[in-house]
file final_26.cif (mmCIF, C-alpha atoms)
data_input
loop_
_atom_site.label_atom_id
_atom_site.label_comp_id
_atom_site.auth_asym_id
_atom_site.auth_seq_id
_atom_site.Cartn_x
_atom_site.Cartn_y
_atom_site.Cartn_z
CA MET A 14 121.16 125.28 180.87
CA ASP A 15 119.51 123.58 183.84
CA LEU A 16 119.14 125.07 187.30
CA ARG A 17 122.19 124.28 189.44
CA CYS A 18 123.17 124.05 193.06
CA VAL A 19 125.57 126.95 193.61
CA HIS A 20 127.74 124.84 195.96
CA CYS A 21 128.39 121.62 194.05
CA GLY A 22 127.08 122.48 190.57
CA VAL A 23 124.72 119.50 190.34
CA ALA A 24 121.45 120.04 188.44
CA VAL A 25 118.37 120.57 190.61
CA ARG A 26 114.69 120.50 189.70
CA THR A 27 113.71 123.66 191.57
CA LEU A 28 115.37 126.25 193.77
CA PHE A 29 112.41 127.18 195.96
CA VAL A 30 108.77 126.52 196.67
CA GLN A 31 106.42 129.50 196.83
CA TYR A 32 103.47 129.13 199.18
CA SER A 33 102.16 132.68 198.71
CA PRO A 34 103.50 136.02 197.41
CA GLY A 35 106.61 136.79 199.45
CA ASN A 36 106.47 133.46 201.29
CA ILE A 37 108.97 130.98 199.87
CA ARG A 38 111.05 128.07 201.12
CA LEU A 39 114.51 127.48 199.68
CA MET A 40 115.12 123.92 198.56
CA LYS A 41 118.17 121.84 199.48
CA CYS A 42 120.43 120.07 197.03
CA GLU A 43 120.06 116.29 197.16
CA ASN A 44 123.77 115.87 196.45
CA CYS A 45 125.51 118.14 198.97
CA LYS A 46 122.53 118.71 201.33
CA GLU A 47 123.16 122.49 201.27
CA VAL A 48 120.59 125.13 200.32
CA ALA A 49 120.70 125.01 196.53
CA ASP A 50 120.84 128.79 196.02
CA GLU A 51 120.86 131.14 198.99
CA TYR A 52 121.41 134.15 196.71
CA ILE A 53 117.67 134.14 195.97
CA GLU A 54 117.09 135.83 199.32
CA CYS A 55 120.27 137.96 199.26
CA GLU A 56 120.66 141.61 198.30
CA THR A 57 122.12 142.38 194.89
CA MET A 58 125.12 144.07 196.53
CA ILE A 59 126.10 140.80 198.24
CA LEU A 60 126.05 139.04 194.86
CA LEU A 61 128.20 141.80 193.33
CA ILE A 62 130.73 141.54 196.14
CA ASP A 63 130.97 137.77 195.71
CA LEU A 64 131.39 138.21 191.95
CA ILE A 65 134.25 140.65 192.57
CA LEU A 66 135.77 138.08 194.96
CA HIS A 67 135.55 135.50 192.13
CA LYS A 68 133.37 133.07 194.10
CA GLN A 69 132.25 130.26 191.82
CA LYS A 70 128.90 129.90 193.58
CA ALA A 71 128.08 133.52 192.70
CA TYR A 72 128.83 132.81 189.04
CA ARG A 73 126.70 129.65 189.16
CA HIS A 74 123.78 131.69 190.49
CA LEU A 75 124.19 134.31 187.77
CA LEU A 76 124.88 132.06 184.78
CA TYR A 77 122.64 129.08 185.59
CA ASN A 78 119.87 130.25 187.92
CA THR A 79 119.42 133.88 186.81
CA LEU A 80 120.26 133.86 183.08
CA ASN A 81 118.44 130.60 182.50
CA ARG A 82 117.07 129.81 179.04
CA HIS A 83 113.77 128.63 180.50
CA THR A 84 113.05 131.72 182.63
CA VAL A 85 114.45 134.71 180.66
CA ASP A 86 114.74 135.91 177.08
CA PHE A 87 118.19 134.41 176.56
CA GLU A 88 118.63 135.69 172.99
CA GLY A 89 117.60 139.22 173.97
CA ILE A 90 119.98 139.27 176.92
CA TRP A 91 122.78 137.88 174.75
CA TRP A 92 122.45 140.62 172.12
CA LYS A 93 122.04 143.44 174.65
CA SER A 94 125.01 142.23 176.68
CA SER A 95 127.14 141.99 173.53
CA PHE A 96 126.20 145.55 172.53
CA VAL A 97 127.14 146.89 175.98
CA PHE A 98 130.38 144.89 175.85
CA LEU A 99 131.34 146.51 172.52
CA LEU A 100 130.36 149.96 173.80
CA LEU A 101 132.58 149.56 176.86
CA ASP A 102 135.43 148.38 174.65
CA ALA A 103 135.03 151.55 172.57
CA CYS A 104 135.29 153.63 175.76
CA ARG A 105 138.42 151.68 176.70
CA ILE A 106 140.04 152.50 173.35
CA LEU A 107 139.21 156.19 173.82
CA VAL A 108 140.90 156.15 177.22
CA LEU A 109 144.00 154.38 175.88
CA ARG A 110 144.35 156.71 172.88
CA ARG A 111 143.64 159.94 174.70
CA ASN A 112 146.61 162.02 173.63
CA GLY A 113 147.18 165.48 172.14
CA GLU A 114 147.67 164.32 168.57
CA TYR A 115 144.55 162.17 168.59
CA TRP A 116 142.23 164.83 169.99
CA GLY A 117 143.91 167.75 168.26
CA LEU A 118 142.77 166.44 164.88
CA SER A 119 139.19 166.11 166.06
CA ARG A 120 138.44 169.79 165.48
CA SER A 121 137.42 169.09 161.90
CA SER A 122 133.98 167.51 161.66
CA TRP A 123 135.12 165.31 158.77
CA THR A 124 138.19 164.17 160.69
CA SER A 125 136.08 163.54 163.79
CA ALA A 126 133.74 161.34 161.75
CA TRP A 127 136.72 159.44 160.36
CA VAL A 128 138.21 158.94 163.84
CA CYS A 129 134.88 157.64 165.19
CA GLY A 130 134.47 155.30 162.23
CA LYS A 131 138.04 154.04 162.62
CA MET A 132 137.47 153.44 166.33
CA LEU A 133 134.29 151.47 165.58
CA MET A 134 136.10 149.30 163.04
CA ASP A 135 138.93 148.73 165.54
CA VAL A 136 136.47 147.56 168.21
CA LEU A 137 134.72 145.19 165.80
CA PHE A 138 138.02 143.81 164.46
CA GLU A 139 139.56 143.27 167.90
CA ASN A 140 136.50 141.46 169.21
CA LEU A 141 136.20 139.36 166.05
CA VAL A 142 139.80 138.24 166.62
CA PHE A 143 138.97 137.64 170.29
CA ILE A 144 135.94 135.45 169.48
CA CYS A 145 137.80 133.50 166.79
CA PHE A 146 140.74 132.66 169.05
CA LEU A 147 138.40 131.95 171.96
CA SER A 148 136.54 129.41 169.81
CA ILE A 149 139.76 127.84 168.53
CA ALA A 150 141.31 127.61 172.00
CA THR A 151 138.06 126.18 173.39
CA ARG A 152 138.01 123.44 170.74
CA ILE A 153 141.67 122.56 171.37
CA LEU A 154 141.97 122.84 175.16
CA LEU A 155 138.40 122.03 176.21
CA LYS A 156 137.82 118.95 174.08
CA SER A 157 134.80 117.60 175.93
CA LEU A 158 131.95 120.02 176.61
CA PRO A 159 128.88 117.86 177.32
CA GLU A 160 127.39 120.47 179.66
CA VAL A 161 127.51 123.35 177.19
CA ALA A 162 124.55 123.54 174.82
CA ARG A 163 126.03 126.18 172.53
CA TYR A 164 129.01 128.44 172.17
CA LYS A 165 126.62 131.29 172.99
CA ASP A 166 126.63 130.02 176.57
CA ILE A 167 130.40 130.46 176.71
CA LEU A 168 130.28 133.87 175.02
CA LEU A 169 127.57 135.08 177.40
CA ALA A 170 129.68 133.90 180.35
CA ILE A 171 132.67 135.84 178.99
CA VAL A 172 130.62 138.98 178.31
CA VAL A 173 128.85 138.95 181.68
CA SER A 174 132.08 138.32 183.58
CA SER A 175 133.57 141.44 181.97
CA TYR A 176 131.24 143.58 184.12
CA PHE A 177 134.22 145.33 185.79
CA LYS A 178 134.66 147.44 182.65
CA VAL A 179 131.63 149.53 183.63
CA TRP A 180 133.57 151.16 186.46
CA GLU A 181 135.05 154.60 185.88
CA PHE A 182 138.81 154.45 185.76
CA PRO A 183 141.83 156.54 184.68
CA ALA A 184 144.09 155.48 181.83
CA SER A 185 146.81 154.49 184.32
CA VAL A 186 144.83 151.50 185.59
CA VAL A 187 143.34 150.24 182.31
CA PHE A 188 145.67 147.24 182.16
CA ILE A 189 145.06 146.39 185.82
CA ILE A 190 141.34 146.25 185.05
CA ASP A 191 142.09 144.15 181.96
CA GLY A 192 143.85 141.67 184.23
CA PHE A 193 140.87 141.60 186.58
CA VAL A 194 138.51 141.00 183.64
CA LEU A 195 140.76 138.16 182.45
CA SER A 196 140.61 136.46 185.86
CA SER A 197 136.81 136.92 185.97
CA ASN A 198 136.52 135.35 182.53
CA VAL A 199 138.54 132.34 183.74
CA VAL A 200 136.20 131.74 186.69
CA ALA A 201 133.06 132.14 184.53
CA LEU A 202 134.45 129.77 181.89
CA LYS A 203 135.29 127.16 184.53
CA VAL A 204 131.76 127.39 185.96
CA VAL A 205 130.10 126.97 182.55
CA THR A 206 132.37 124.26 181.14
CA HIS A 207 133.32 122.35 184.34
CA SER A 208 136.87 122.14 182.97
CA ALA A 209 140.19 122.27 184.80
CA MET A 210 141.29 125.73 185.94
CA ALA A 211 144.59 125.48 184.03
CA ARG A 212 142.77 124.81 180.74
CA CYS A 213 140.38 127.72 181.32
CA ILE A 214 143.33 130.01 182.05
CA GLY A 215 144.92 128.89 178.79
CA VAL A 216 141.77 129.56 176.74
CA CYS A 217 141.20 133.03 178.19
CA PHE A 218 144.88 133.99 177.98
CA ILE A 219 145.07 133.03 174.30
CA ALA A 220 141.89 134.97 173.48
CA HIS A 221 142.95 138.10 175.38
CA ALA A 222 146.51 137.97 174.04
CA SER A 223 145.20 137.80 170.46
CA LYS A 224 142.94 140.79 171.15
CA PHE A 225 145.86 142.75 172.61
CA LEU A 226 148.07 141.98 169.60
CA GLY A 227 145.23 142.97 167.28
CA ASN A 228 145.03 146.33 169.06
CA ARG A 229 148.78 146.87 168.64
CA VAL A 230 148.55 146.06 164.91
CA LEU A 231 145.72 148.56 164.41
CA GLU A 232 147.60 151.39 166.14
CA VAL A 233 150.17 151.53 163.32
CA PRO A 234 147.78 152.52 160.47
CA LEU A 235 145.97 154.87 162.89
CA SER A 236 149.19 156.73 163.67
CA ILE A 237 150.05 156.99 159.95
CA SER A 238 146.57 158.28 159.12
CA LEU A 239 146.70 160.90 161.87
CA ARG A 240 150.02 162.19 160.54
CA TYR A 241 148.51 162.30 157.05
CA PHE A 242 145.59 164.41 158.25
CA SER A 243 148.01 166.64 160.15
CA ILE A 244 149.99 167.29 156.96
CA LEU A 245 146.82 168.07 155.02
CA GLY A 246 145.70 170.40 157.78
CA CYS A 247 142.29 168.71 158.20
#
call {"tool": "encode", "arguments": {"input": "final_26.cif", "output": "structure tokens"}}
result
Amino acid sequence: MDLRCVHCGVAVRTLFVQYSPGNIRLMKCENCKEVADEYIECETMILLIDLILHKQKAYRHLLYNTLNRHTVDFEGIWWKSSFVFLLLDACRILVLRRNGEYWGLSRSSWTSAWVCGKMLMDVLFENLVFICFLSIATRILLKSLPEVARYKDILLAIVVSSYFKVWEFPASVVFIIDGFVLSSNVVALKVVTHSAMARCIGVCFIAHASKFLGNRVLEVPLSISLRYFSILGC
């Protein structure tokens, strides 16, 4: 993806000119006449606050000007971000399923290994469903994507915009955080695809709803298996 002006989203050739170490001049966008990317000189905390506030210019800085294919190891960042995303999803499942029956059976080392393996399979299955429905909904609702080089760009935008999962939270607010992640995904998808907000909401809602239903389906065999282990006394 090309470098972009964070205000209007138009491609720019360069964001700044460096005269000497620590001495730079921010360039202006030829389209809107604003400084193309003022976040270059801002503290990271300011960027984080603007991301939390769902400001599109903050997402443009992150997705176009920071995670740019020409300046960073895009493939490496994509794989590392995906791994962290799956790890956080595993933590989310542990929080949601933290009950007496679930943890009471974990005293046996064999049962503990089975529970961990089952949780890993659940995470992989849920996210496979999520990616499949995200791709299908993208093809149907976002028919024209001339600005997107690959689906990896969309997936990276979704993964990066799920950053709110890293916060510590009690089980009582898990679904509130899920809603916040959904809204962040919508903004990131709009920034990357330049599509209408309503279509981006539709794509993200379909993907998240399919993931939620997949989680509900997987809870049934888990409950049956836990009862089975309880009867066997494992």
call {"tool": "resolve_selection", "arguments": {"input": "final_26.cif", "expression": "the PyMOL selection byres ((chain A and resi 16) around 6)", "output": "PyMOL selection string"}}
result
chain A and resi 15+17+24-25+77-78
call {"tool": "residues_around", "arguments": {"input": "final_26.cif", "residues": "A:Met132", "least_positions_apart": "3", "cutoff": "8 Å", "atoms": "only C-alpha atoms", "output": "PDB file with C-alpha atoms, in the frame of the given file"}}
result
ATOM      1  CA  ALA A 103     135.030 151.550 172.570  1.00  0.00           C
ATOM      2  CA  ILE A 106     140.040 152.500 173.350  1.00  0.00           C
ATOM      3  CA  VAL A 128     138.210 158.940 163.840  1.00  0.00           C
ATOM      4  CA  CYS A 129     134.880 157.640 165.190  1.00  0.00           C
ATOM      5  CA  ASP A 135     138.930 148.730 165.540  1.00  0.00           C
ATOM      6  CA  VAL A 136     136.470 147.560 168.210  1.00  0.00           C
TER       7      VAL A 136
END
call {"tool": "atom_distance", "arguments": {"input": "final_26.cif", "atom1": "atom CA of A:Ala170", "atom2": "atom CA of A:Ala201"}}
result
5.7 Å
call {"tool": "residues_around", "arguments": {"input": "final_26.cif", "residues": "A:Met40", "least_positions_apart": "4", "cutoff": "10 Å", "atoms": "all atoms listed in the file", "output": "list in words"}}
result
Cys18, Val25, Arg26, Thr27, Leu28, Phe29, Val30, Lys46, Glu47, Val48, Ala49, Asp50 and Glu51 of chain A
call {"tool": "resolve_selection", "arguments": {"input": "final_26.cif", "expression": "the PyMOL selection byres ((chain A and resi 217) around 7)", "output": "PyMOL selection string"}}
result
chain A and resi 147+195+198-199+213-216+218-221
call {"tool": "axis_aligned_box", "arguments": {"input": "final_26.cif", "around": "stretch 185-193 of chain A", "padding_each_side": "4 Å", "output": "AutoDock Vina command-line options"}}
result
--center_x 143.8 --center_y 148.0 --center_z 184.3 --size_x 13.9 --size_y 20.9 --size_z 12.6
call {"tool": "closest_residue", "arguments": {"input": "final_26.cif", "among": "A:Phe188, A:Asp166, A:Leu60, A:Ala211", "to": "A:Asn81", "atoms": "all atoms listed in the file"}}
result
A:Asp166
call {"tool": "build_atoms", "arguments": {"input": "final_26.cif", "residues": "stretch 141-152 of chain A", "atoms": "all heavy atoms", "output": "PDB file, in the coordinates of the input"}}
result
ATOM      1  N   LEU A 141     136.299 140.483 166.980  1.00  0.00           N
ATOM      2  CA  LEU A 141     136.200 139.360 166.050  1.00  0.00           C
ATOM      3  C   LEU A 141     137.397 138.435 166.227  1.00  0.00           C
ATOM      4  O   LEU A 141     137.254 137.206 166.273  1.00  0.00           O
ATOM      5  CB  LEU A 141     136.126 139.876 164.608  1.00  0.00           C
ATOM      6  CG  LEU A 141     136.042 138.799 163.519  1.00  0.00           C
ATOM      7  CD1 LEU A 141     134.770 137.963 163.693  1.00  0.00           C
ATOM      8  CD2 LEU A 141     136.059 139.440 162.132  1.00  0.00           C
ATOM      9  N   VAL A 142     138.583 139.026 166.355  1.00  0.00           N
ATOM     10  CA  VAL A 142     139.800 138.240 166.620  1.00  0.00           C
ATOM     11  C   VAL A 142     139.662 137.514 167.950  1.00  0.00           C
ATOM     12  O   VAL A 142     140.003 136.324 168.075  1.00  0.00           O
ATOM     13  CB  VAL A 142     141.036 139.161 166.625  1.00  0.00           C
ATOM     14  CG1 VAL A 142     142.267 138.391 167.111  1.00  0.00           C
ATOM     15  CG2 VAL A 142     141.294 139.722 165.232  1.00  0.00           C
ATOM     16  N   PHE A 143     139.152 138.222 168.955  1.00  0.00           N
ATOM     17  CA  PHE A 143     138.970 137.640 170.290  1.00  0.00           C
ATOM     18  C   PHE A 143     138.054 136.422 170.245  1.00  0.00           C
ATOM     19  O   PHE A 143     138.370 135.362 170.791  1.00  0.00           O
ATOM     20  CB  PHE A 143     138.387 138.711 171.217  1.00  0.00           C
ATOM     21  CG  PHE A 143     138.069 138.221 172.600  1.00  0.00           C
ATOM     22  CD1 PHE A 143     139.064 138.057 173.550  1.00  0.00           C
ATOM     23  CD2 PHE A 143     136.764 137.932 172.956  1.00  0.00           C
ATOM     24  CE1 PHE A 143     138.768 137.604 174.832  1.00  0.00           C
ATOM     25  CE2 PHE A 143     136.453 137.481 174.232  1.00  0.00           C
ATOM     26  CZ  PHE A 143     137.459 137.320 175.175  1.00  0.00           C
ATOM     27  N   ILE A 144     136.911 136.551 169.554  1.00  0.00           N
ATOM     28  CA  ILE A 144     135.940 135.450 169.480  1.00  0.00           C
ATOM     29  C   ILE A 144     136.510 134.265 168.700  1.00  0.00           C
ATOM     30  O   ILE A 144     136.325 133.107 169.080  1.00  0.00           O
ATOM     31  CB  ILE A 144     134.630 135.946 168.832  1.00  0.00           C
ATOM     32  CG1 ILE A 144     133.929 136.940 169.764  1.00  0.00           C
ATOM     33  CG2 ILE A 144     133.700 134.778 168.521  1.00  0.00           C
ATOM     34  CD1 ILE A 144     132.719 137.605 169.144  1.00  0.00           C
ATOM     35  N   CYS A 145     137.213 134.569 167.606  1.00  0.00           N
ATOM     36  CA  CYS A 145     137.800 133.500 166.790  1.00  0.00           C
ATOM     37  C   CYS A 145     138.806 132.683 167.592  1.00  0.00           C
ATOM     38  O   CYS A 145     138.771 131.439 167.602  1.00  0.00           O
ATOM     39  CB  CYS A 145     138.470 134.078 165.552  1.00  0.00           C
ATOM     40  SG  CYS A 145     137.305 134.705 164.310  1.00  0.00           S
ATOM     41  N   PHE A 146     139.716 133.368 168.273  1.00  0.00           N
ATOM     42  CA  PHE A 146     140.740 132.660 169.050  1.00  0.00           C
ATOM     43  C   PHE A 146     140.135 131.998 170.281  1.00  0.00           C
ATOM     44  O   PHE A 146     140.625 130.944 170.719  1.00  0.00           O
ATOM     45  CB  PHE A 146     141.871 133.609 169.437  1.00  0.00           C
ATOM     46  CG  PHE A 146     142.898 133.788 168.365  1.00  0.00           C
ATOM     47  CD1 PHE A 146     142.734 134.744 167.374  1.00  0.00           C
ATOM     48  CD2 PHE A 146     144.023 132.984 168.323  1.00  0.00           C
ATOM     49  CE1 PHE A 146     143.673 134.908 166.361  1.00  0.00           C
ATOM     50  CE2 PHE A 146     144.974 133.134 167.324  1.00  0.00           C
ATOM     51  CZ  PHE A 146     144.803 134.097 166.338  1.00  0.00           C
ATOM     52  N   LEU A 147     139.086 132.592 170.841  1.00  0.00           N
ATOM     53  CA  LEU A 147     138.400 131.950 171.960  1.00  0.00           C
ATOM     54  C   LEU A 147     137.779 130.630 171.519  1.00  0.00           C
ATOM     55  O   LEU A 147     137.886 129.609 172.219  1.00  0.00           O
ATOM     56  CB  LEU A 147     137.314 132.886 172.510  1.00  0.00           C
ATOM     57  CG  LEU A 147     136.464 132.336 173.661  1.00  0.00           C
ATOM     58  CD1 LEU A 147     137.308 132.190 174.927  1.00  0.00           C
ATOM     59  CD2 LEU A 147     135.266 133.254 173.932  1.00  0.00           C
ATOM     60  N   SER A 148     137.153 130.634 170.334  1.00  0.00           N
ATOM     61  CA  SER A 148     136.540 129.410 169.810  1.00  0.00           C
ATOM     62  C   SER A 148     137.592 128.351 169.496  1.00  0.00           C
ATOM     63  O   SER A 148     137.417 127.170 169.819  1.00  0.00           O
ATOM     64  CB  SER A 148     135.731 129.733 168.549  1.00  0.00           C
ATOM     65  OG  SER A 148     134.709 130.665 168.822  1.00  0.00           O
ATOM     66  N   ILE A 149     138.695 128.785 168.874  1.00  0.00           N
ATOM     67  CA  ILE A 149     139.760 127.840 168.530  1.00  0.00           C
ATOM     68  C   ILE A 149     140.382 127.237 169.784  1.00  0.00           C
ATOM     69  O   ILE A 149     140.576 126.020 169.881  1.00  0.00           O
ATOM     70  CB  ILE A 149     140.844 128.539 167.678  1.00  0.00           C
ATOM     71  CG1 ILE A 149     140.266 128.948 166.313  1.00  0.00           C
ATOM     72  CG2 ILE A 149     142.056 127.623 167.487  1.00  0.00           C
ATOM     73  CD1 ILE A 149     141.187 129.816 165.494  1.00  0.00           C
ATOM     74  N   ALA A 150     140.695 128.097 170.756  1.00  0.00           N
ATOM     75  CA  ALA A 150     141.310 127.610 172.000  1.00  0.00           C
ATOM     76  C   ALA A 150     140.354 126.707 172.764  1.00  0.00           C
ATOM     77  O   ALA A 150     140.778 125.722 173.379  1.00  0.00           O
ATOM     78  CB  ALA A 150     141.717 128.806 172.867  1.00  0.00           C
ATOM     79  N   THR A 151     139.056 127.011 172.710  1.00  0.00           N
ATOM     80  CA  THR A 151     138.060 126.180 173.390  1.00  0.00           C
ATOM     81  C   THR A 151     138.015 124.790 172.763  1.00  0.00           C
ATOM     82  O   THR A 151     137.951 123.773 173.468  1.00  0.00           O
ATOM     83  CB  THR A 151     136.669 126.832 173.318  1.00  0.00           C
ATOM     84  OG1 THR A 151     136.711 128.092 173.985  1.00  0.00           O
ATOM     85  CG2 THR A 151     135.624 125.950 173.974  1.00  0.00           C
ATOM     86  N   ARG A 152     138.046 124.736 171.426  1.00  0.00           N
ATOM     87  CA  ARG A 152     138.010 123.440 170.740  1.00  0.00           C
ATOM     88  C   ARG A 152     139.260 122.611 171.036  1.00  0.00           C
ATOM     89  O   ARG A 152     139.189 121.383 171.158  1.00  0.00           O
ATOM     90  CB  ARG A 152     137.904 123.659 169.224  1.00  0.00           C
ATOM     91  CG  ARG A 152     136.518 124.097 168.767  1.00  0.00           C
ATOM     92  CD  ARG A 152     136.500 124.282 167.267  1.00  0.00           C
ATOM     93  NE  ARG A 152     135.170 124.625 166.778  1.00  0.00           N
ATOM     94  CZ  ARG A 152     134.236 123.740 166.459  1.00  0.00           C
ATOM     95  NH1 ARG A 152     134.505 122.451 166.587  1.00  0.00           N
ATOM     96  NH2 ARG A 152     133.059 124.119 166.028  1.00  0.00           N
TER      97      ARG A 152
END
